[in-house]
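Visitor: Below is the file query.pdb, which contains PDB, C-alpha atoms and all ligand atoms.
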ATOM      1  CA  MET R   1     -16.201 -85.180 -62.718
ATOM      2  CA  LYS R   2     -17.308 -88.710 -61.887
ATOM      3  CA  LYS R   3     -18.063 -88.828 -58.167
ATOM      4  CA  ILE R   4     -17.924 -86.496 -55.168
ATOM      5  CA  GLY R   5     -17.653 -87.600 -51.536
ATOM      6  CA  ILE R   6     -19.120 -85.110 -49.051
ATOM      7  CA  PHE R   7     -18.151 -85.758 -45.438
ATOM      8  CA  TYR R   8     -19.880 -83.526 -42.926
ATOM      9  CA  PHE R   9     -20.436 -83.072 -39.236
ATOM     10  CA  SER R  10     -23.575 -81.361 -37.980
ATOM     11  CA  GLY R  11     -24.545 -80.963 -34.348
ATOM     12  CA  THR R  12     -28.015 -79.505 -34.742
ATOM     13  CA  GLY R  13     -28.848 -79.890 -38.415
ATOM     14  CA  ASN R  14     -27.645 -76.715 -40.163
ATOM     15  CA  THR R  15     -24.544 -78.198 -41.762
ATOM     16  CA  GLU R  16     -26.543 -81.284 -42.668
ATOM     17  CA  ILE R  17     -29.080 -79.095 -44.485
ATOM     18  CA  VAL R  18     -26.254 -77.475 -46.453
ATOM     19  CA  ALA R  19     -24.610 -80.863 -47.190
ATOM     20  CA  ARG R  20     -27.935 -82.169 -48.531
ATOM     21  CA  LEU R  21     -28.571 -79.052 -50.614
ATOM     22  CA  LEU R  22     -25.081 -79.463 -52.087
ATOM     23  CA  THR R  23     -25.768 -83.117 -52.840
ATOM     24  CA  LYS R  24     -28.935 -82.162 -54.726
ATOM     25  CA  ALA R  25     -27.125 -79.391 -56.604
ATOM     26  CA  TYR R  26     -24.436 -81.838 -57.829
ATOM     27  CA  ARG R  27     -27.001 -84.467 -58.770
ATOM     28  CA  ARG R  28     -28.855 -81.891 -60.867
ATOM     29  CA  ARG R  29     -25.531 -81.529 -62.697
ATOM     30  CA  GLN R  30     -25.515 -85.317 -63.285
ATOM     31  CA  ILE R  31     -22.638 -85.770 -60.816
ATOM     32  CA  GLU R  32     -22.761 -88.785 -58.539
ATOM     33  CA  VAL R  33     -22.443 -87.921 -54.835
ATOM     34  CA  ALA R  34     -22.033 -89.844 -51.598
ATOM     35  CA  CYS R  35     -22.992 -87.763 -48.556
ATOM     36  CA  ILE R  36     -21.491 -89.277 -45.405
ATOM     37  CA  ARG R  37     -21.640 -88.258 -41.755
ATOM     38  CA  MET R  38     -18.131 -87.792 -40.388
ATOM     39  CA  GLU R  39     -18.962 -89.386 -37.067
ATOM     40  CA  ALA R  40     -19.848 -92.665 -38.837
ATOM     41  CA  VAL R  41     -16.256 -92.703 -40.064
ATOM     42  CA  VAL R  42     -14.735 -91.493 -36.788
ATOM     43  CA  ASN R  43     -16.710 -94.095 -34.813
ATOM     44  CA  GLN R  44     -15.739 -96.749 -37.369
ATOM     45  CA  GLN R  45     -19.275 -97.578 -38.492
ATOM     46  CA  THR R  46     -18.453 -96.633 -42.102
ATOM     47  CA  PRO R  47     -15.111 -97.463 -43.717
ATOM     48  CA  LEU R  48     -13.189 -94.519 -45.104
ATOM     49  CA  VAL R  49     -12.652 -95.467 -48.736
ATOM     50  CA  LEU R  50     -11.908 -92.544 -51.031
ATOM     51  CA  ASP R  51     -10.758 -94.360 -54.177
ATOM     52  CA  ASP R  52     -14.042 -93.756 -56.022
ATOM     53  CA  PHE R  53     -14.066 -89.994 -55.449
ATOM     54  CA  ASP R  54     -12.506 -87.391 -57.740
ATOM     55  CA  LEU R  55     -13.403 -84.601 -55.332
ATOM     56  CA  ILE R  56     -13.763 -84.601 -51.533
ATOM     57  CA  GLY R  57     -15.946 -82.116 -49.619
ATOM     58  CA  VAL R  58     -15.540 -81.540 -45.890
ATOM     59  CA  GLY R  59     -18.257 -79.631 -44.004
ATOM     60  CA  HIS R  60     -18.515 -78.562 -40.371
ATOM     61  CA  PRO R  61     -20.169 -75.984 -38.105
ATOM     62  CA  VAL R  62     -18.032 -73.194 -36.664
ATOM     63  CA  LEU R  63     -17.740 -73.910 -32.951
ATOM     64  CA  GLY R  64     -15.809 -71.291 -30.979
ATOM     65  CA  PHE R  65     -14.118 -70.037 -34.184
ATOM     66  CA  GLY R  66     -12.862 -73.563 -34.905
ATOM     67  CA  ALA R  67     -13.934 -76.646 -36.795
ATOM     68  CA  SER R  68     -15.132 -78.960 -33.988
ATOM     69  CA  GLY R  69     -13.354 -81.965 -32.505
ATOM     70  CA  ILE R  70     -15.110 -84.408 -34.829
ATOM     71  CA  ALA R  71     -13.867 -82.650 -37.973
ATOM     72  CA  GLU R  72     -10.326 -82.618 -36.584
ATOM     73  CA  ARG R  73     -10.513 -86.325 -35.679
ATOM     74  CA  PHE R  74     -11.893 -87.094 -39.142
ATOM     75  CA  VAL R  75      -9.083 -85.293 -40.927
ATOM     76  CA  LYS R  76      -6.499 -87.183 -38.841
ATOM     77  CA  MET R  77      -7.990 -90.422 -40.191
ATOM     78  CA  LEU R  78      -7.803 -89.386 -43.855
ATOM     79  CA  PRO R  79      -5.393 -91.475 -45.919
ATOM     80  CA  ALA R  80      -2.729 -89.791 -48.065
ATOM     81  CA  GLY R  81      -4.445 -87.598 -50.664
ATOM     82  CA  SER R  82      -1.992 -88.094 -53.536
ATOM     83  CA  GLY R  83      -3.070 -84.840 -55.146
ATOM     84  CA  LYS R  84      -6.837 -85.449 -54.844
ATOM     85  CA  THR R  85      -8.782 -82.184 -54.994
ATOM     86  CA  ALA R  86     -10.942 -81.103 -52.048
ATOM     87  CA  PHE R  87     -13.110 -78.280 -50.768
ATOM     88  CA  VAL R  88     -14.302 -77.255 -47.310
ATOM     89  CA  PHE R  89     -17.540 -75.563 -46.302
ATOM     90  CA  LYS R  90     -18.699 -74.410 -42.913
ATOM     91  CA  THR R  91     -21.875 -73.072 -41.392
ATOM     92  CA  ALA R  92     -21.862 -70.382 -38.720
ATOM     93  CA  SER R  93     -24.310 -67.990 -37.177
ATOM     94  CA  SER R  94     -22.427 -65.203 -38.899
ATOM     95  CA  PRO R  95     -20.411 -64.900 -42.115
ATOM     96  CA  HIS R  96     -18.168 -62.317 -40.355
ATOM     97  CA  TYR R  97     -14.485 -62.621 -41.211
ATOM     98  CA  VAL R  98     -13.616 -63.686 -37.635
ATOM     99  CA  ASN R  99     -15.135 -67.063 -38.581
ATOM    100  CA  HIS R 100     -13.263 -67.340 -41.869
ATOM    101  CA  GLY R 101     -10.234 -69.095 -40.386
ATOM    102  CA  ALA R 102     -12.330 -71.814 -38.703
ATOM    103  CA  SER R 103     -11.328 -74.467 -41.258
ATOM    104  CA  ASP R 104      -7.640 -73.496 -41.401
ATOM    105  CA  VAL R 105      -6.413 -76.346 -39.191
ATOM    106  CA  ILE R 106      -8.313 -78.790 -41.361
ATOM    107  CA  ILE R 107      -7.089 -77.286 -44.608
ATOM    108  CA  ARG R 108      -3.492 -77.363 -43.382
ATOM    109  CA  ALA R 109      -3.788 -80.968 -42.175
ATOM    110  CA  MET R 110      -5.303 -82.016 -45.519
ATOM    111  CA  ALA R 111      -2.627 -80.162 -47.479
ATOM    112  CA  LYS R 112       0.059 -81.951 -45.432
ATOM    113  CA  LYS R 113      -1.504 -85.255 -46.481
ATOM    114  CA  GLY R 114      -1.377 -84.255 -50.136
ATOM    115  CA  TYR R 115      -4.930 -82.958 -50.765
ATOM    116  CA  GLN R 116      -5.346 -79.846 -52.891
ATOM    117  CA  VAL R 117      -7.958 -77.837 -51.036
ATOM    118  CA  PHE R 118      -8.917 -75.210 -53.597
ATOM    119  CA  HIS R 119     -12.273 -73.978 -52.303
ATOM    120  CA  ASN R 120     -13.214 -72.644 -48.853
ATOM    121  CA  SER R 121     -16.651 -71.201 -48.091
ATOM    122  CA  ILE R 122     -18.882 -70.090 -45.232
ATOM    123  CA  ILE R 123     -22.660 -70.157 -45.086
ATOM    124  CA  ALA R 124     -24.561 -68.301 -42.387
ATOM    125  CA  MET R 125     -27.376 -70.301 -40.810
ATOM    126  CA  PRO R 126     -29.630 -69.903 -37.754
ATOM    127  CA  CYS R 127     -27.686 -69.452 -34.538
ATOM    128  CA  ASN R 128     -27.957 -72.378 -32.106
ATOM    129  CA  PHE R 129     -25.880 -70.799 -29.352
ATOM    130  CA  PHE R 130     -26.753 -68.032 -26.846
ATOM    131  CA  VAL R 131     -28.498 -65.720 -29.350
ATOM    132  CA  LYS R 132     -31.892 -66.675 -30.704
ATOM    133  CA  TYR R 133     -32.337 -65.117 -34.114
ATOM    134  CA  ASP R 134     -35.677 -63.776 -35.251
ATOM    135  CA  ASP R 135     -37.421 -66.371 -37.437
ATOM    136  CA  ARG R 136     -37.596 -63.805 -40.248
ATOM    137  CA  LEU R 137     -33.799 -63.748 -40.254
ATOM    138  CA  ASN R 138     -33.651 -67.559 -40.066
ATOM    139  CA  LYS R 139     -35.848 -67.749 -43.167
ATOM    140  CA  GLN R 140     -33.762 -65.143 -44.979
ATOM    141  CA  LEU R 141     -30.536 -66.989 -44.081
ATOM    142  CA  TYR R 142     -31.903 -70.291 -45.332
ATOM    143  CA  GLN R 143     -33.070 -68.789 -48.612
ATOM    144  CA  ALA R 144     -29.677 -67.156 -49.146
ATOM    145  CA  ALA R 145     -28.008 -70.499 -48.292
ATOM    146  CA  VAL R 146     -29.935 -72.201 -51.099
ATOM    147  CA  LYS R 147     -28.503 -69.692 -53.591
ATOM    148  CA  LYS R 148     -24.989 -69.835 -52.130
ATOM    149  CA  VAL R 149     -24.950 -73.624 -52.332
ATOM    150  CA  GLU R 150     -25.668 -73.383 -56.076
ATOM    151  CA  VAL R 151     -22.603 -71.163 -56.479
ATOM    152  CA  ILE R 152     -20.431 -73.526 -54.401
ATOM    153  CA  ALA R 153     -21.611 -76.513 -56.454
ATOM    154  CA  ALA R 154     -20.949 -74.740 -59.769
ATOM    155  CA  GLN R 155     -17.507 -73.509 -58.712
ATOM    156  CA  THR R 156     -16.305 -76.750 -57.130
ATOM    157  CA  ALA R 157     -17.566 -78.863 -60.028
ATOM    158  CA  ALA R 158     -15.645 -76.576 -62.396
ATOM    159  CA  GLY R 159     -12.496 -76.623 -60.224
ATOM    160  CA  GLN R 160     -12.757 -72.867 -59.608
ATOM    161  CA  ALA R 161     -10.927 -71.629 -56.492
ATOM    162  CA  ASN R 162     -12.435 -69.643 -53.635
ATOM    163  CA  LYS R 163     -10.564 -68.167 -50.698
ATOM    164  CA  LEU R 164     -11.988 -66.459 -47.619
ATOM    165  CA  LYS R 165     -10.347 -63.242 -46.452
ATOM    166  CA  PHE R 166      -8.896 -63.685 -42.974
ATOM    167  CA  ASN R 167      -6.587 -61.519 -40.907
ATOM    168  CA  PRO R 168      -3.662 -63.833 -39.988
ATOM    169  CA  LEU R 169      -2.968 -61.713 -36.886
ATOM    170  CA  LEU R 170      -6.204 -63.080 -35.425
ATOM    171  CA  ARG R 171      -5.237 -66.709 -35.975
ATOM    172  CA  GLY R 172      -3.333 -67.350 -32.698
ATOM    173  CA  PHE R 173      -5.937 -65.574 -30.563
ATOM    174  CA  LEU R 174      -8.933 -67.353 -32.125
ATOM    175  CA  ARG R 175      -7.171 -70.702 -31.898
ATOM    176  CA  LEU R 176      -6.774 -70.055 -28.173
ATOM    177  CA  VAL R 177     -10.503 -69.263 -27.864
ATOM    178  CA  TYR R 178     -11.287 -72.470 -29.741
ATOM    179  CA  TYR R 179      -8.993 -74.484 -27.486
ATOM    180  CA  GLY R 180     -10.708 -73.034 -24.401
ATOM    181  CA  GLU R 181     -14.158 -73.711 -25.871
ATOM    182  CA  GLU R 182     -13.369 -77.323 -26.817
ATOM    183  CA  HIS R 183     -11.381 -78.318 -23.754
ATOM    184  CA  PHE R 184     -12.826 -76.303 -20.888
ATOM    185  CA  GLY R 185     -16.134 -74.793 -22.039
ATOM    186  CA  ALA R 186     -17.460 -78.046 -23.465
ATOM    187  CA  ARG R 187     -16.378 -80.065 -20.431
ATOM    188  CA  PHE R 188     -17.912 -77.568 -18.008
ATOM    189  CA  PHE R 189     -21.128 -77.522 -20.052
ATOM    190  CA  ALA R 190     -21.286 -81.350 -20.072
ATOM    191  CA  GLN R 191     -20.686 -81.523 -16.319
ATOM    192  CA  GLY R 192     -23.931 -79.614 -15.828
ATOM    193  CA  LEU R 193     -26.050 -81.687 -18.240
ATOM    194  CA  HIS R 194     -28.752 -83.751 -16.623
ATOM    195  CA  THR R 195     -32.060 -85.341 -17.474
ATOM    196  CA  THR R 196     -35.362 -84.319 -15.953
ATOM    197  CA  ALA R 197     -38.393 -86.431 -14.999
ATOM    198  CA  ALA R 198     -39.548 -86.062 -18.641
ATOM    199  CA  CYS R 199     -36.829 -88.527 -19.715
ATOM    200  CA  ASN R 200     -38.392 -91.825 -20.815
ATOM    201  CA  HIS R 201     -35.019 -93.524 -21.338
ATOM    202  CA  CYS R 202     -35.500 -93.880 -25.090
ATOM    203  CA  LYS R 203     -31.683 -93.545 -25.287
ATOM    204  CA  LYS R 204     -31.787 -91.440 -28.449
ATOM    205  CA  CYS R 205     -29.122 -89.217 -26.889
ATOM    206  CA  VAL R 206     -26.938 -92.252 -26.133
ATOM    207  CA  ARG R 207     -27.219 -93.472 -29.727
ATOM    208  CA  ASP R 208     -26.849 -90.026 -31.321
ATOM    209  CA  CYS R 209     -23.942 -88.485 -29.409
ATOM    210  CA  PRO R 210     -21.159 -88.059 -31.993
ATOM    211  CA  THR R 211     -18.400 -88.688 -29.443
ATOM    212  CA  ARG R 212     -20.280 -91.477 -27.605
ATOM    213  CA  ASN R 213     -20.094 -89.344 -24.516
ATOM    214  CA  ILE R 214     -23.541 -90.280 -23.202
ATOM    215  CA  SER R 215     -24.287 -93.608 -21.566
ATOM    216  CA  GLU R 216     -26.889 -95.195 -19.331
ATOM    217  CA  SER R 217     -25.764 -96.734 -16.088
ATOM    218  CA  ALA R 218     -27.991 -98.072 -13.294
ATOM    219  CA  GLY R 219     -31.024 -96.433 -14.902
ATOM    220  CA  GLN R 220     -29.316 -93.026 -15.088
ATOM    221  CA  ILE R 221     -28.315 -91.109 -18.215
ATOM    222  CA  CYS R 222     -24.674 -90.109 -17.673
ATOM    223  CA  PHE R 223     -22.702 -87.417 -19.493
ATOM    224  CA  GLY R 224     -18.937 -87.962 -19.727
ATOM    225  CA  SER R 225     -16.130 -85.473 -20.364
ATOM    226  CA  ASP R 226     -15.628 -85.999 -24.128
ATOM    227  CA  CYS R 227     -18.245 -83.399 -25.065
ATOM    228  CA  ILE R 228     -17.643 -81.135 -28.078
ATOM    229  CA  TRP R 229     -20.540 -78.818 -27.175
ATOM    230  CA  CYS R 230     -22.377 -79.512 -30.423
ATOM    231  CA  MET R 231     -25.774 -79.266 -28.624
ATOM    232  CA  ARG R 232     -27.290 -82.227 -30.415
ATOM    233  CA  CYS R 233     -28.426 -84.067 -27.290
ATOM    234  CA  VAL R 234     -30.116 -81.010 -25.809
ATOM    235  CA  TYR R 235     -31.977 -79.978 -28.971
ATOM    236  CA  ALA R 236     -32.802 -83.409 -30.384
ATOM    237  CA  CYS R 237     -34.263 -84.942 -27.228
ATOM    238  CA  PRO R 238     -37.879 -85.795 -28.183
ATOM    239  CA  ASN R 239     -39.028 -84.982 -24.646
ATOM    240  CA  GLN R 240     -36.838 -81.890 -24.111
ATOM    241  CA  ALA R 241     -35.620 -83.740 -21.042
ATOM    242  CA  ILE R 242     -31.949 -82.782 -21.230
ATOM    243  CA  GLN R 243     -31.161 -79.586 -19.429
ATOM    244  CA  ALA R 244     -28.002 -77.605 -18.851
ATOM    245  CA  LYS R 245     -27.040 -76.385 -15.410
ATOM    246  CA  ASN R 246     -23.737 -74.781 -16.433
ATOM    247  CA  LEU R 247     -23.763 -72.047 -19.093
ATOM    248  CA  ALA R 248     -27.493 -72.681 -19.443
ATOM    249  CA  GLY R 249     -27.851 -69.366 -21.318
ATOM    250  CA  CYS R 250     -26.219 -70.899 -24.399
ATOM    251  CA  VAL R 251     -29.278 -73.123 -24.976
ATOM    252  CA  LEU R 252     -32.008 -71.383 -26.960
ATOM    253  CA  HIS R 253     -35.588 -71.687 -25.708
ATOM    254  CA  PRO R 254     -37.572 -72.418 -27.753
ATOM    255  CA  TYR R 255     -35.119 -74.009 -30.155
ATOM    256  CA  THR R 256     -35.213 -72.400 -33.585
ATOM    257  CA  GLY R 257     -32.165 -73.960 -35.182
ATOM    258  CA  GLY R 258     -31.734 -76.401 -38.027
ATOM    259  CA  PHE R 259     -34.474 -78.864 -37.218
ATOM    260  CA  ASN R 260     -37.272 -76.301 -37.357
ATOM    261  CA  ILE R 261     -36.302 -74.713 -40.661
ATOM    262  CA  GLU R 262     -39.060 -76.548 -42.454
ATOM    263  CA  ALA R 263     -41.687 -75.111 -40.107
ATOM    264  CA  ILE R 264     -40.265 -71.618 -40.608
ATOM    265  CA  LEU R 265     -40.299 -72.014 -44.385
ATOM    266  CA  ASN R 266     -43.860 -73.268 -44.412
ATOM    267  CA  ASP R 267     -45.150 -70.369 -42.347
ATOM    268  CA  PRO R 268     -46.305 -67.653 -44.812
ATOM    269  CA  GLN R 269     -46.642 -65.198 -41.920
ATOM    270  CA  ILE R 270     -42.842 -65.128 -41.537
ATOM    271  CA  ASP R 271     -41.558 -62.418 -43.854
ATOM    272  CA  GLU R 272     -37.976 -63.125 -44.877
ATOM    273  CA  ASN R 273     -37.145 -59.499 -45.675
ATOM    274  CA  PHE R 274     -35.582 -58.945 -42.274
ATOM    275  CA  VAL R 275     -32.165 -57.537 -43.108
ATOM    276  CA  THR R 276     -32.450 -54.703 -45.614
ATOM    277  CA  ALA R 277     -29.963 -52.355 -47.247
ATOM    278  CA  SER R 278     -30.610 -49.876 -44.424
ATOM    279  CA  SER R 279     -30.218 -52.306 -41.482
ATOM    280  CA  LYS R 280     -28.097 -51.008 -38.623
ATOM    281  CA  GLY R 281     -26.158 -52.472 -35.689
ATOM    282  CA  TYR R 282     -25.338 -56.196 -35.626
ATOM    283  CA  TYR R 283     -27.294 -56.875 -38.816
ATOM    284  CA  LYS R 284     -25.281 -54.374 -40.853
ATOM    285  CA  HIS R 285     -22.519 -56.919 -41.456
ATOM    286  CA  LEU R 286     -25.051 -59.223 -43.146
ATOM    287  CA  ILE R 287     -25.960 -56.695 -45.851
ATOM    288  CA  ASN R 288     -23.036 -57.555 -48.135
ATOM    289  CA  TYR R 289     -23.538 -61.269 -47.485
ATOM    290  CA  PHE R 290     -27.128 -61.039 -48.712
ATOM    291  CA  ARG R 291     -26.148 -58.686 -51.577
ATOM    292  CA  GLU R 292     -23.671 -61.270 -52.954
ATOM    293  CA  ASP R 293     -26.537 -63.454 -54.156
ATOM    294  CA  SER R 294     -29.057 -60.623 -54.663
ATOM    295  CA  SER R 295     -31.059 -61.651 -51.585
ATOM    296  CA  ILE R 296     -31.253 -57.906 -50.981
ATOM    297  CA  LYS R 297     -30.633 -55.099 -53.473
TER     298      LYS R 297
HETATM  299  C1  LIG A 301     -20.413 -74.298 -28.835
HETATM  300  C2  LIG A 301     -20.799 -73.469 -30.024
HETATM  301  C3  LIG A 301     -19.929 -72.500 -30.475
HETATM  302  C4  LIG A 301     -20.280 -71.708 -31.570
HETATM  303  N1  LIG A 301     -19.386 -70.789 -32.013
HETATM  304  C5  LIG A 301     -19.694 -70.025 -33.071
HETATM  305  C6  LIG A 301     -18.746 -69.094 -33.567
HETATM  306  O1  LIG A 301     -17.601 -69.007 -33.103
HETATM  307  N2  LIG A 301     -19.120 -68.309 -34.600
HETATM  308  C7  LIG A 301     -20.375 -68.400 -35.180
HETATM  309  O2  LIG A 301     -20.676 -67.637 -36.093
HETATM  310  N3  LIG A 301     -21.281 -69.316 -34.753
HETATM  311  C8  LIG A 301     -20.968 -70.135 -33.723
HETATM  312  N4  LIG A 301     -21.867 -71.080 -33.300
HETATM  313  C9  LIG A 301     -23.140 -71.250 -34.035
HETATM  314  C10 LIG A 301     -23.055 -72.393 -35.042
HETATM  315  O3  LIG A 301     -21.830 -72.341 -35.761
HETATM  316  C11 LIG A 301     -24.161 -72.360 -36.086
HETATM  317  O4  LIG A 301     -25.425 -72.254 -35.532
HETATM  318  C12 LIG A 301     -24.038 -73.605 -36.975
HETATM  319  O5  LIG A 301     -24.779 -73.406 -38.162
HETATM  320  C13 LIG A 301     -24.517 -74.876 -36.295
HETATM  321  O6  LIG A 301     -24.374 -75.938 -37.206
HETATM  322  P1  LIG A 301     -24.979 -77.390 -36.964
HETATM  323  O7  LIG A 301     -26.470 -77.209 -36.785
HETATM  324  O8  LIG A 301     -24.639 -78.129 -38.211
HETATM  325  O9  LIG A 301     -24.317 -77.945 -35.763
HETATM  326  C14 LIG A 301     -21.538 -71.891 -32.224
HETATM  327  C15 LIG A 301     -22.405 -72.896 -31.776
HETATM  328  C16 LIG A 301     -22.044 -73.684 -30.691
HETATM  329  C17 LIG A 301     -22.978 -74.757 -30.232
END
Once more with this new file: its structure as C-alpha cells, please.
Guide:
Amino acid sequence: MKKIGIFYFSGTGNTEIVARLLTKAYRRRQIEVACIRMEAVVNQQTPLVLDDFDLIGVGHPVLGFGASGIAERFVKMLPAGSGKTAFVFKTASSPHYVNHGASDVIIRAMAKKGYQVFHNSIIAMPCNFFVKYDDRLNKQLYQAAVKKVEVIAAQTAAGQANKLKFNPLLRGFLRLVYYGEEHFGARFFAQGLHTTAACNHCKKCVRDCPTRNISESAGQICFGSDCIWCMRCVYACPNQAIQAKNLAGCVLHPYTGGFNIEAILNDPQIDENFVTASSKGYYKHLINYFREDSSIK
C-alpha cells in the first residue's frame, strides 16, 4: 500500500476525530495518508485528484439513517474508479443495526462508478442530537472508538473485507425517513435558526457552513434553505449565539459532542465504566459493541 486518501464529512467533530485517528493508525503502519474534508472538494476549494491513492476512504456521520447531503454530493463528483479499492466508515450515536444501511446509497453509487468498496464500518460516538449522553458513556465510546479504528486500519490496509448486517426490508422505510429529515426536517430547522444579541458578527458560521447556507446581509446573519442539519453552526459558534426556534429540543445544552471530548478525557473524575455486562434498557444494545474490542468483559 503506497497512499490512502481519506475523505470525510463531520458536522460537529466526531467523524473528524475518527478520520484523524485512522490517519494516525495508517501512519504508524508507515502508510502515507491524505485526510481531506469532503466539503473542500464539494465547494471546489480542493481539486479531486485520486491518481496518487491506492485506497480511498469515505467517512460520514449518520444523519436520519442516511449519509448526509454532503457525502452524497461528494460521491456524485467522484471520477470513474477503474477498479480502485475503497472503504466507508460512519459515526452514529448508536451502532444499532438500523444505522448499518446509512452508507448504502454511497456504496452503490461508488460501485456504479467502478470502485470496489470492500469494507463498511460503524463507530458509535457521543450523540449530538436530542439525547445528551452521560459523559461517562461519551468517554467509554471514545475509548472503544480508538480500539475499533485500529481494527479498521489493520483490516483495510490488508484488504480484508467487512460487511455490516442490515435487514433489507428496512431499506425503503429508512430511506424515506432520511429523505424527510434532509428535505423537510433540515429546512424547517434552518427556518427557525437565528442569532441572539451575543453575536459579534465574527462570521465563523458563514465561513464554516458546509453548504454555504449562511450569509450576512445588511448586518444580519441569514440562514438559507440548503441546510443539511449537521449542527455545526449551532455548536461551533464561539459565543453560543445561534439558537434554534424550530425543533429546539434537538440541540443539546450544554453541548457534549465531539469538540469537548478532550475535556471529558482529561477529567479523571469521569469513570468510563458506564455500560457494563449487566446494563439494561437502551444501553443493553451497546454491550456487544463494547465486548467486540474487550472494552467490557
Ligand atoms: C440531524 C441528525 C440526525 C441524526 N440521526 C442519527 C441517526 O439516525 N442515528 C444515529 O445513531 N445517530 C444520529 N445522529 C447522531 C450523529 O450521527 C452522531 O452524533 C455523529 O457521531 C455526529 O458526527 P459528526 O460530529 O461528525 O457530525 C444524528 C445527528 C443529527 C444532527
Visitor: Return the single residue from R:Ala244, R:Ala111, R:Cys127, R:Ile228 that is closest to Lys139 in chain R, with distances computed using all atoms listed in the file.
Guide: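 Closest candidate: R:Cys127.
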Visitor: Which residues are near ligand LIG 301 (chain A) - at most 8 Å, using all atoms listed in the file? Format: as number ranges by chain.
Guide: R: 9-17, 60-66, 90-96, 98-99, 123-129, 178, 181-182, 186, 228-232, 250, 257-258
Visitor: Go through R:Ala19, R:Ala190, R:Val105, R:Ala25 and flag the residue nearest Ile214 in chain R, using all atoms listed in the file for the distances.
Guide: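 Once distances to Ile214 in chain R are computed over all atoms listed in the file, the minimum belongs to R:Ala190.
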Visitor: Run the PyMOL selection byres (((chain R and resi 236) around 10) and not hetatm) mentally over the shown coordinates, then write out the matched residues as a PDB file with C-alpha atoms, in the coordinates of the input, using the chain letters and numbers from the document.
Guide:
ATOM      1  CA  GLY R  11     -24.545 -80.963 -34.348  1.00  0.00           C
ATOM      2  CA  THR R  12     -28.015 -79.505 -34.742  1.00  0.00           C
ATOM      3  CA  GLY R  13     -28.848 -79.890 -38.415  1.00  0.00           C
ATOM      4  CA  LYS R 204     -31.787 -91.440 -28.449  1.00  0.00           C
ATOM      5  CA  CYS R 205     -29.122 -89.217 -26.889  1.00  0.00           C
ATOM      6  CA  ASP R 208     -26.849 -90.026 -31.321  1.00  0.00           C
ATOM      7  CA  MET R 231     -25.774 -79.266 -28.624  1.00  0.00           C
ATOM      8  CA  ARG R 232     -27.290 -82.227 -30.415  1.00  0.00           C
ATOM      9  CA  CYS R 233     -28.426 -84.067 -27.290  1.00  0.00           C
ATOM     10  CA  VAL R 234     -30.116 -81.010 -25.809  1.00  0.00           C
ATOM     11  CA  TYR R 235     -31.977 -79.978 -28.971  1.00  0.00           C
ATOM     12  CA  CYS R 237     -34.263 -84.942 -27.228  1.00  0.00           C
ATOM     13  CA  PRO R 238     -37.879 -85.795 -28.183  1.00  0.00           C
ATOM     14  CA  ASN R 239     -39.028 -84.982 -24.646  1.00  0.00           C
ATOM     15  CA  GLN R 240     -36.838 -81.890 -24.111  1.00  0.00           C
ATOM     16  CA  ALA R 241     -35.620 -83.740 -21.042  1.00  0.00           C
ATOM     17  CA  ILE R 242     -31.949 -82.782 -21.230  1.00  0.00           C
ATOM     18  CA  TYR R 255     -35.119 -74.009 -30.155  1.00  0.00           C
ATOM     19  CA  PHE R 259     -34.474 -78.864 -37.218  1.00  0.00           C
TER      20      PHE R 259
END
Visitor: Mind giving me the straight-line distance from CA of Leu286 in chain R to CA of Tyr133 in chain R in Å, one decimal?
Guide: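 Between CA of Leu286 in chain R and CA of Tyr133 in chain R the gap is 13.0 Å.
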Visitor: For a quick check of understanding, using all atoms listed in the file, which of R:Asp135, R:Glu150, R:Asp226, R:Glu216 has the smallest distance to Ile261 in chain R?
Guide: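 Looking only at the distances to Ile261 in chain R, the closest residue turns out to be R:Asp135.
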Visitor: Please identify all polymer residues within 12 Å of Arg28 in chain R, counting all atoms listed in the file, omitting same-chain residues fewer than 3 positions from it, and present them as a JSON list (two decimals) with C-alpha atoms, keeping the file's coordinate frame.
Guide:
[["chain", "number", "residue", "atom", "x", "y", "z"],
["R", 21, "LEU", "CA", -28.57, -79.05, -50.61],
["R", 22, "LEU", "CA", -25.08, -79.46, -52.09],
["R", 23, "THR", "CA", -25.77, -83.12, -52.84],
["R", 24, "LYS", "CA", -28.94, -82.16, -54.73],
["R", 25, "ALA", "CA", -27.12, -79.39, -56.60],
["R", 31, "ILE", "CA", -22.64, -85.77, -60.82],
["R", 32, "GLU", "CA", -22.76, -88.78, -58.54],
["R", 33, "VAL", "CA", -22.44, -87.92, -54.84],
["R", 150, "GLU", "CA", -25.67, -73.38, -56.08],
["R", 153, "ALA", "CA", -21.61, -76.51, -56.45],
["R", 154, "ALA", "CA", -20.95, -74.74, -59.77],
["R", 157, "ALA", "CA", -17.57, -78.86, -60.03]]
Visitor: Between R:Ile4, R:Tyr179, R:Leu48, R:Ser278, which is the closest to Gln30 in chain R once you count all atoms listed in the file?
Guide: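 Ranked by minimum distance to Gln30 in chain R, first place goes to R:Ile4.
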Visitor: I'd like the interatomic distance between CA of Leu55 in chain R and CA of Gly81 in chain R, to a tenth of an Å.
Guide: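 Between CA of Leu55 in chain R and CA of Gly81 in chain R the gap is 10.5 Å.
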Visitor: Give me the result of the PyMOL selection byres (((chain R and resi 171) around 12) and not hetatm) on this file, residue by residue, as a PyMOL selection string.
Guide: chain R and resi 65-66+97-105+166-170+172-178
Visitor: At what distance in Å, to one decimal, does CA of Glu39 in chain R lie from CA of Gln116 in chain R?
Guide: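 Going from CA of Gln116 in chain R over to CA of Glu39 in chain R, I get 23.0 Å.
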Visitor: For range 71-80 of chain R, find every residue with an atom within 7 Å (counting only C-alpha atoms), except residues of its own chain fewer than 6 positions away, and show them as a PyMOL selection string.
Guide: chain R and resi 9+38+42+60+106+109-110+113-114
Visitor: So which residues touch Ile6 in chain R within 8 Å, counting all atoms listed in the file, skipping near sequence neighbours fewer than 3 positions away, as a PDB file with C-alpha atoms, in the coordinates of the input?
Guide:
ATOM      1  CA  ALA R  19     -24.610 -80.863 -47.190  1.00  0.00           C
ATOM      2  CA  THR R  23     -25.768 -83.117 -52.840  1.00  0.00           C
ATOM      3  CA  VAL R  33     -22.443 -87.921 -54.835  1.00  0.00           C
ATOM      4  CA  ALA R  34     -22.033 -89.844 -51.598  1.00  0.00           C
ATOM      5  CA  CYS R  35     -22.992 -87.763 -48.556  1.00  0.00           C
ATOM      6  CA  ILE R  36     -21.491 -89.277 -45.405  1.00  0.00           C
ATOM      7  CA  ILE R  56     -13.763 -84.601 -51.533  1.00  0.00           C
ATOM      8  CA  GLY R  57     -15.946 -82.116 -49.619  1.00  0.00           C
ATOM      9  CA  VAL R  58     -15.540 -81.540 -45.890  1.00  0.00           C
ATOM     10  CA  GLY R  59     -18.257 -79.631 -44.004  1.00  0.00           C
TER      11      GLY R  59
END
